[in-house]
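So this block is work_31.txt, compact mmCIF, C-alpha atoms:
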# COMPACT_ATOMS: atom_id res chain seq x y z
CA MET S 1224 -15.13 15.00 28.93
CA LYS S 1225 -17.83 17.53 29.94
CA LYS S 1226 -16.68 17.28 33.55
CA ILE S 1227 -13.09 17.93 32.51
CA ILE S 1228 -14.09 20.96 30.44
CA LYS S 1229 -16.23 22.28 33.29
CA LYS S 1230 -13.30 21.87 35.70
CA ILE S 1231 -10.93 23.71 33.38
CA VAL S 1232 -13.40 26.56 32.92
CA SER S 1233 -13.80 26.85 36.69
CA ILE S 1234 -10.10 27.57 37.24
CA THR S 1235 -9.74 31.08 38.59
CA PHE S 1236 -8.06 33.82 36.62
CA ILE S 1237 -5.14 33.85 39.06
CA ASN S 1238 -4.58 30.13 38.65
CA LYS S 1239 -4.68 30.52 34.89
CA VAL S 1240 -2.00 33.19 35.10
CA ARG S 1241 0.08 30.98 37.38
CA LEU S 1242 -0.27 28.09 34.98
CA LEU S 1243 0.83 30.22 32.03
CA LEU S 1244 3.78 31.59 33.99
CA ASN S 1245 4.82 28.09 35.01
CA ILE S 1246 4.71 27.00 31.38
CA LYS S 1247 6.67 30.10 30.36
CA TYR S 1248 9.36 29.57 33.02
CA ARG S 1249 9.58 25.85 32.33
CA PHE S 1250 10.10 26.58 28.62
CA ALA S 1251 12.71 29.22 29.46
CA TYR S 1252 14.55 26.83 31.78
CA ASN S 1253 14.49 24.01 29.24
CA THR S 1254 16.01 26.37 26.66
CA PHE S 1255 18.61 27.50 29.21
CA ASN S 1256 19.30 23.93 30.27
CA GLU S 1257 19.88 22.71 26.73
CA SER S 1258 22.01 25.56 25.41
CA THR S 1259 24.03 26.90 28.35
CA ARG S 1260 27.79 26.38 28.66
CA ILE S 1261 29.86 27.98 31.40
CA VAL S 1262 32.81 30.12 30.30
CA SER S 1263 36.15 28.42 30.99
CA THR S 1264 38.42 29.61 33.78
CA GLU S 1265 41.02 30.74 31.24
CA GLU S 1266 38.54 32.80 29.24
CA THR S 1267 37.13 34.25 32.46
CA VAL S 1268 40.60 35.39 33.59
CA ASN S 1269 41.40 36.78 30.14
CA THR S 1270 38.14 38.75 30.16
CA LEU S 1271 39.02 40.18 33.58
CA ILE S 1272 42.47 41.13 32.31
CA MET S 1273 40.98 42.84 29.25
CA LEU S 1274 38.53 44.89 31.30
CA LEU S 1275 41.18 45.93 33.82
CA GLU S 1276 43.81 46.77 31.19
CA ASN S 1277 41.29 48.88 29.31
CA LYS S 1278 40.11 50.54 32.53
CA LYS S 1279 36.48 49.61 32.00
CA LYS S 1280 33.81 50.21 34.60
CA GLY S 1281 32.42 46.84 35.57
CA ALA S 1282 31.95 44.08 38.10
CA TYR S 1283 32.86 40.44 38.61
CA LEU S 1284 30.36 38.67 40.87
CA ARG S 1285 30.65 35.10 42.13
CA PHE S 1286 27.40 33.44 43.20
CA GLY S 1287 27.57 30.28 45.28
CA ASP S 1288 25.20 28.07 47.21
CA GLY S 1289 25.05 30.30 50.29
CA ASP S 1290 24.17 33.37 48.23
CA LEU S 1291 21.26 31.55 46.61
CA PHE S 1292 20.08 30.16 49.95
CA ILE S 1293 19.74 33.72 51.23
CA LEU S 1294 18.40 35.11 47.94
CA LYS S 1295 15.68 32.44 47.80
CA ASN S 1296 14.85 32.66 51.54
CA MET S 1297 16.03 29.06 51.94
CA GLY S 1298 18.73 29.39 54.60
CA GLU S 1299 22.04 31.05 55.34
CA ALA S 1300 25.56 31.23 53.98
CA ARG S 1301 28.80 30.04 55.55
CA ASN S 1302 29.54 33.26 57.44
CA GLN S 1303 26.26 35.10 57.02
CA LYS S 1304 22.93 34.40 58.66
CA PHE S 1305 19.73 35.04 56.73
CA ASN S 1306 18.68 38.67 56.46
CA GLU S 1307 15.59 39.81 54.56
CA SER S 1308 17.20 43.04 53.33
CA LEU S 1309 20.26 41.13 52.15
CA SER S 1310 17.98 38.73 50.29
CA VAL S 1311 16.50 41.67 48.38
CA GLU S 1312 19.93 43.14 47.63
CA LEU S 1313 21.29 39.80 46.43
CA LYS S 1314 18.38 39.52 44.01
CA GLN S 1315 19.22 43.00 42.73
CA ALA S 1316 22.90 42.07 42.46
CA ILE S 1317 22.29 38.88 40.51
CA SER S 1318 19.98 40.87 38.20
CA LEU S 1319 22.79 43.24 37.15
CA SER S 1320 23.62 43.18 33.46
CA GLY S 1321 25.21 45.27 30.77
CA SER S 1322 28.69 46.19 29.61
CA GLY S 1323 31.45 45.13 31.98
CA VAL S 1324 29.24 42.98 34.23
CA MET S 1325 30.57 39.44 34.67
CA LYS S 1326 28.26 37.16 36.64
CA SER S 1327 29.43 33.69 37.60
CA LEU S 1328 27.67 30.62 38.92
CA ALA S 1329 29.03 27.43 40.50
CA ILE S 1330 27.82 24.96 37.86
CA HIS S 1331 31.05 23.45 36.50
CA SER S 1332 29.99 19.94 35.46
CA GLU S 1333 29.98 17.61 32.48
CA LYS S 1334 26.64 19.08 31.48
CA PHE S 1335 27.50 22.78 31.64
CA GLY S 1336 31.24 22.55 31.07
CA MET S 1337 34.42 22.11 33.08
CA ASP S 1338 38.15 22.55 32.64
CA GLU S 1339 40.66 19.77 32.06
CA HIS S 1340 41.76 19.10 35.64
CA MET S 1341 38.37 19.49 37.27
CA GLU S 1342 36.98 16.44 39.00
CA PRO S 1343 34.84 15.65 42.05
CA GLY S 1344 36.43 17.62 44.86
CA ILE S 1345 38.13 20.03 42.46
CA HIS S 1346 35.35 22.39 41.37
CA GLU S 1347 33.27 19.77 39.49
CA ARG S 1348 29.66 19.21 40.52
CA PRO S 1349 27.57 16.17 39.59
CA ASN S 1350 25.19 16.95 36.74
CA TRP S 1351 22.11 16.61 38.95
CA GLU S 1352 23.53 19.05 41.49
CA ALA S 1353 24.57 21.57 38.83
CA GLU S 1354 21.11 21.37 37.25
CA LYS S 1355 19.44 21.84 40.63
CA PHE S 1356 21.63 24.88 41.27
CA ALA S 1357 20.91 26.28 37.80
CA LEU S 1358 17.16 25.79 38.26
CA LYS S 1359 17.28 28.11 41.29
CA SER S 1360 18.90 30.95 39.37
CA TYR S 1361 18.55 30.52 35.60
CA GLU S 1362 16.12 33.44 35.18
CA PHE S 1363 18.89 35.86 36.17
CA PHE S 1364 21.25 34.53 33.50
CA ILE S 1365 19.02 34.35 30.43
CA GLY S 1366 20.85 36.18 27.66
CA CYS S 1367 24.03 36.49 29.77
CA GLN S 1368 27.30 34.62 29.68
CA ILE S 1369 27.93 32.58 32.81
CA PHE S 1370 31.54 33.06 33.85
CA SER S 1371 33.53 30.77 36.11
CA PRO S 1372 33.43 31.56 39.85
CA VAL S 1373 36.66 29.61 40.41
CA ALA S 1374 38.75 31.14 37.64
CA MET S 1375 41.46 32.46 39.96
CA HIS S 1376 41.42 29.35 42.16
CA TYR S 1377 41.96 27.09 39.15
CA GLN S 1378 44.48 29.20 37.25
CA ILE S 1379 46.70 29.71 40.32
CA VAL S 1380 47.24 25.95 40.35
CA TYR S 1381 47.17 24.97 36.69
CA ASN S 1382 48.30 28.07 34.78
CA LYS S 1383 50.53 30.08 37.07
CA ASP S 1384 51.70 32.48 34.35
CA LEU S 1385 48.16 33.59 33.53
CA ALA S 1386 47.26 33.89 37.21
CA LEU S 1387 50.38 35.99 37.82
CA LYS S 1388 49.42 38.26 34.93
CA LEU S 1389 46.03 38.94 36.50
CA PHE S 1390 47.48 39.51 39.97
CA ARG S 1391 50.11 41.88 38.59
CA ILE S 1392 47.44 43.95 36.89
CA LEU S 1393 45.39 44.02 40.09
CA LYS S 1394 48.41 44.94 42.17
CA SER S 1395 49.49 47.68 39.75
CA SER S 1396 46.12 49.36 40.32
CA ASN S 1397 46.83 49.52 44.07
CA PRO S 1398 43.22 48.48 44.75
CA ILE S 1399 41.06 49.19 47.74
CA PHE S 1400 40.67 45.88 49.58
CA VAL S 1401 37.47 45.10 51.48
CA GLY S 1402 37.62 42.01 53.65
CA SER S 1403 37.57 40.30 57.01
CA GLU S 1404 39.18 41.87 60.04
CA LYS S 1405 41.06 38.58 60.42
CA ASN S 1406 43.14 39.27 57.32
CA ASP S 1407 46.78 40.28 57.76
CA VAL S 1408 47.58 43.69 56.29
CA SER S 1409 51.10 42.52 55.33
CA VAL S 1410 49.69 39.57 53.37
CA ILE S 1411 47.24 41.86 51.60
CA ALA S 1412 50.12 44.20 50.73
CA ASN S 1413 52.20 41.32 49.33
CA VAL S 1414 49.35 40.04 47.17
CA LEU S 1415 47.47 43.20 46.17
CA GLY S 1416 49.62 46.16 47.15
CA SER S 1417 49.42 48.71 49.91
CA GLY S 1418 46.15 50.39 49.01
CA ALA S 1419 43.46 50.98 51.61
CA PHE S 1420 42.25 48.00 53.67
CA ILE S 1421 38.62 48.42 54.74
CA GLN S 1422 37.86 45.84 57.40
CA THR S 1423 34.59 43.96 57.74
CA PRO S 1424 33.30 41.69 60.51
CA HIS S 1425 34.42 38.10 59.88
CA ARG S 1426 30.84 36.88 60.31
CA ASN S 1427 27.52 38.54 59.48
CA SER S 1428 29.22 41.52 57.86
CA TYR S 1429 25.95 42.66 56.28
CA GLN S 1430 24.98 44.26 59.59
CA ASP S 1431 27.77 46.80 58.92
CA ILE S 1432 27.14 47.29 55.21
CA ASP S 1433 26.25 51.00 55.43
CA ARG S 1434 29.47 51.79 57.30
CA ILE S 1435 31.51 49.67 54.89
CA GLU S 1436 29.92 51.30 51.84
CA SER S 1437 30.55 54.79 53.24
CA ALA S 1438 34.20 53.91 53.90
CA ILE S 1439 34.66 52.63 50.34
CA VAL S 1440 33.00 55.69 48.79
CA LYS S 1441 35.10 58.01 50.96
CA GLU S 1442 38.32 56.22 49.95
CA ILE S 1443 37.41 56.37 46.26
CA GLU S 1444 36.78 60.10 46.58
CA ILE S 1445 40.07 60.68 48.45
CA ARG S 1446 42.03 58.77 45.82
CA ASN S 1447 40.23 60.68 43.05
CA LYS S 1448 41.51 58.40 40.29
CA ASP S 1449 40.18 58.37 36.74
CA PHE S 1450 39.74 54.62 37.16
CA ASP S 1451 39.79 52.69 40.42
CA VAL S 1452 39.60 49.05 41.48
CA VAL S 1453 37.92 47.63 44.57
CA VAL S 1454 38.67 44.01 45.53
CA LEU S 1455 36.15 42.42 47.87
CA SER S 1456 36.33 39.28 49.99
CA CYS S 1457 33.38 39.41 52.38
CA GLY S 1458 30.93 36.74 51.27
CA SER S 1459 27.36 37.63 50.38
CA THR S 1460 27.88 41.20 51.56
CA ALA S 1461 30.38 41.66 48.71
CA LYS S 1462 27.61 41.15 46.15
CA ALA S 1463 25.35 43.70 47.84
CA LEU S 1464 28.21 46.22 47.98
CA ILE S 1465 29.07 45.61 44.34
CA LYS S 1466 25.45 46.23 43.39
CA ARG S 1467 25.31 49.51 45.30
CA LEU S 1468 28.64 50.80 44.00
CA HIS S 1469 28.15 49.68 40.40
CA LEU S 1470 24.85 51.51 40.16
CA ASP S 1471 26.64 54.77 41.00
CA LYS S 1472 27.03 56.12 37.45
CA ASN S 1473 29.45 58.85 38.54
CA LYS S 1474 32.28 56.49 39.47
CA LYS S 1475 34.44 54.59 36.98
CA VAL S 1476 35.32 51.62 39.15
CA PHE S 1477 35.87 47.91 38.56
CA LEU S 1478 34.48 45.85 41.44
CA PHE S 1479 36.22 42.51 41.85
CA ASP S 1480 34.68 39.74 43.97
CA MET S 1481 37.83 37.77 44.88
CA GLY S 1482 36.22 35.65 47.55
CA SER S 1483 38.21 32.96 49.33
CA VAL S 1484 41.29 33.19 47.10
CA ILE S 1485 42.79 35.65 49.57
CA ASP S 1486 42.44 33.01 52.30
CA LEU S 1487 44.92 30.77 50.48
CA PHE S 1488 47.69 33.28 51.02
CA HIS S 1489 46.88 33.37 54.73
CA GLY S 1490 47.38 29.62 55.03
CA ARG S 1491 43.64 28.94 55.35
CA ASN S 1492 43.82 26.10 52.87
CA THR S 1493 41.60 23.39 54.33
CA TRP S 1494 39.24 23.05 51.34
CA ALA S 1495 39.05 19.70 49.57
CA TRP S 1496 40.10 21.22 46.24
CA VAL S 1497 43.29 22.59 47.79
CA LYS S 1498 44.24 19.20 49.21
CA LYS S 1499 43.31 17.26 46.08
CA SER S 1500 45.13 19.62 43.70
CA GLY S 1501 48.31 19.34 45.76
CA ILE S 1502 48.76 23.07 46.32
CA THR S 1503 51.09 23.78 49.28
CA ASN S 1504 52.19 26.75 51.34
CA ASP S 1505 55.62 26.52 49.68
CA TYR S 1506 53.96 26.82 46.28
CA LEU S 1507 51.92 29.83 47.38
CA ASN S 1508 54.98 31.49 48.88
CA SER S 1509 56.84 31.01 45.60
CA PHE S 1510 53.83 32.48 43.78
CA ILE S 1511 54.04 35.61 45.95
CA GLU S 1512 57.80 35.82 45.38
CA GLU S 1513 57.29 35.73 41.61
CA LEU S 1514 54.49 38.26 41.88
CA ASN S 1515 56.80 40.68 43.66
CA SER S 1516 59.93 40.02 41.60
Written as structure tokens, how would this file's structure read?
Amino acid sequence: MKKIIKKIVSITFINKVRLLLNIKYRFAYNTFNESTRIVSTEETVNTLIMLLENKKKGAYLRFGDGDLFILKNMGEARNQKFNESLSVELKQAISLSGSGVMKSLAIHSEKFGMDEHMEPGIHERPNWEAEKFALKSYEFFIGCQIFSPVAMHYQIVYNKDLALKLFRILKSSNPIFVGSEKNDVSVIANVLGSGAFIQTPHRNSYQDIDRIESAIVKEIEIRNKDFDVVVLSCGSTAKALIKRLHLDKNKKVFLFDMGSVIDLFHGRNTWAWVKKSGITNDYLNSFIEELNS
């Protein structure tokens, strides 16, 4: 016993602090793990509609595996190699909070919650995988609702009327669209309207972030609207841009991280969830027809 006491006493101050912090974070994660439920896709879409209809300044951010790989210095994302500055900006982005900020995390599972038609291959993760993902990011969501990152994906398939309502509101705002140079301007116009299209590199777009940000700011100033909407589909760079633009207190803008949804309307529908849910090009074409009717 004396040896044990002597060993404990000999622990350095730094190690004691580390031990206390580990206990603190473990307690915080256990509380998060036991009480957290992800917001449904329907409620997520309805919240987006409410904020847009009421012209509220805000942001919808979707955090996936690749974003956390870069944020945690663990690797790269699908179309973005690791960048130390991006890692810092992603940490700042995921730390955003306050009125109008909707942060989402890919943890749909039996443990954290999932919608009726979700299953393996259609947005559902195994519990162990969802918990592992949550463990990497929980500290940024303590005290915050966790919204669905696949709200639009899911509602387009399983609740077309609600999805159309959201798209009509987006389109009526004639948003600025920020996305890959590979996107077709006519498709963007059909889905979102004929607002400005600010092109980004298809891969590693963060290298151009200053130019992209300047182009967005310039377009917002030219439009000079009381309330504006920016829709982004450029991977991890979108989160960094949203962080920069949202922190500008002088602009009343809603920043919408649409992600890969826009790819569906370009026929880039090779994901497992698209195949398993039975969504087809004919269905998407009819969706666009209804949107524009």
Kindly indicate which residue among S:Ser1403, S:Asn1413, S:Gln1368, S:Gln1315 lies nearest to S:Ile1511, using all atoms listed in the file for the distances. S:Asn1413
With only C-alpha atoms as the counted atoms, please give the residues lying no more than 9 Å from stretch 1353-1360 of chain S, apart from itself and same-chain residues fewer than 4 positions off, as a count of residues only. 19
Go ahead and compute the interatomic distance for atom CA of S:Met1481 and atom CA of S:Gly1336, in Å to one decimal.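 Atom-to-atom, atom CA of S:Met1481 to atom CA of S:Gly1336, that is 21.6 Å.
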Which neighbours of S:Leu1271 fall inside 12 Å, counting all atoms listed in the file, when residues of the same chain fewer than 6 positions from it are skipped, and could you give them as a compact mmCIF listing (two decimals) with C-alpha atoms, in the frame of the given file?
# COMPACT_ATOMS: atom_id res chain seq x y z
CA THR S 1264 38.42 29.61 33.78
CA GLU S 1265 41.02 30.74 31.24
CA ASN S 1277 41.29 48.88 29.31
CA LYS S 1278 40.11 50.54 32.53
CA LYS S 1279 36.48 49.61 32.00
CA LYS S 1280 33.81 50.21 34.60
CA GLY S 1281 32.42 46.84 35.57
CA ALA S 1282 31.95 44.08 38.10
CA TYR S 1283 32.86 40.44 38.61
CA LEU S 1284 30.36 38.67 40.87
CA GLY S 1323 31.45 45.13 31.98
CA VAL S 1324 29.24 42.98 34.23
CA MET S 1325 30.57 39.44 34.67
CA LYS S 1326 28.26 37.16 36.64
CA PHE S 1370 31.54 33.06 33.85
CA SER S 1371 33.53 30.77 36.11
CA ALA S 1374 38.75 31.14 37.64
CA MET S 1375 41.46 32.46 39.96
CA LEU S 1385 48.16 33.59 33.53
CA ALA S 1386 47.26 33.89 37.21
CA LYS S 1388 49.42 38.26 34.93
CA LEU S 1389 46.03 38.94 36.50
CA PHE S 1390 47.48 39.51 39.97
CA ILE S 1392 47.44 43.95 36.89
CA LEU S 1393 45.39 44.02 40.09
CA VAL S 1452 39.60 49.05 41.48
CA PHE S 1477 35.87 47.91 38.56
CA LEU S 1478 34.48 45.85 41.44
CA PHE S 1479 36.22 42.51 41.85
CA ASP S 1480 34.68 39.74 43.97
CA MET S 1481 37.83 37.77 44.88
Considering all atoms listed in the file, return as a list in words whatever protein or nucleic-acid residues lie within 10 Å of stretch 1438-1450 of chain S, sequence-local ones (same chain, fewer than 6 positions apart) excluded.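 Neighbouring residues, sequence-local ones excluded: Leu1275, Asn1277, Lys1278, Lys1279, Lys1280, Ser1396, Pro1398, Ile1399, Phe1400, Val1401, Gly1418, Ala1419, Phe1420, Ile1421, Gln1422, Ile1432, Leu1464, Leu1468, Lys1474, Lys1475, Val1476 and Phe1477 of chain S.
Of the residues listed (S:Ala1412, S:Ala1463, S:Leu1514, S:Cys1367), S:Ala1463 shows the shortest atom-to-atom separation from S:Lys1314; distances use only C-alpha atoms.
Here the residues that fall within 10 Å of (40.9, 16.1, 44.6), using all atoms listed in the file, are given as S:His1340, S:Met1341, S:Glu1342, S:Pro1343, S:Gly1344, S:Ile1345, S:His1346, S:Glu1347, S:Trp1494, S:Ala1495, S:Trp1496, S:Val1497, S:Lys1498, S:Lys1499, S:Ser1500, S:Gly1501.
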Include C-alpha atoms and write out the residues we just selected as a CSV table (one decimal), in the frame of the given file.
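Below is the file that was written, selection-v1.csv:
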chain,number,residue,atom,x,y,z
S,1340,HIS,CA,41.8,19.1,35.6
S,1341,MET,CA,38.4,19.5,37.3
S,1342,GLU,CA,37.0,16.4,39.0
S,1343,PRO,CA,34.8,15.6,42.0
S,1344,GLY,CA,36.4,17.6,44.9
S,1345,ILE,CA,38.1,20.0,42.5
S,1346,HIS,CA,35.4,22.4,41.4
S,1347,GLU,CA,33.3,19.8,39.5
S,1494,TRP,CA,39.2,23.0,51.3
S,1495,ALA,CA,39.0,19.7,49.6
S,1496,TRP,CA,40.1,21.2,46.2
S,1497,VAL,CA,43.3,22.6,47.8
S,1498,LYS,CA,44.2,19.2,49.2
S,1499,LYS,CA,43.3,17.3,46.1
S,1500,SER,CA,45.1,19.6,43.7
S,1501,GLY,CA,48.3,19.3,45.8
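Of the listed residues (S:Cys1457, S:Val1268, S:Leu1313, S:Leu1294), S:Cys1457 comes nearest to S:Asn1427; the distances count all atoms listed in the file.
Put simply, atom CA of S:Val1410 is 12.5 Å away from atom CA of S:Lys1394.
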Distance of atom CA of S:Leu1415 from atom CA of S:Glu1513, expressed in Å to one decimal place: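 Between atom CA of S:Glu1513 and atom CA of S:Leu1415 the gap works out to 13.2 Å.
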Using all atoms listed in the file, which of the listed residues (S:Ser1327, S:Thr1423, S:Ser1516, S:Asn1382) sits closest to S:Ala1461? S:Thr1423
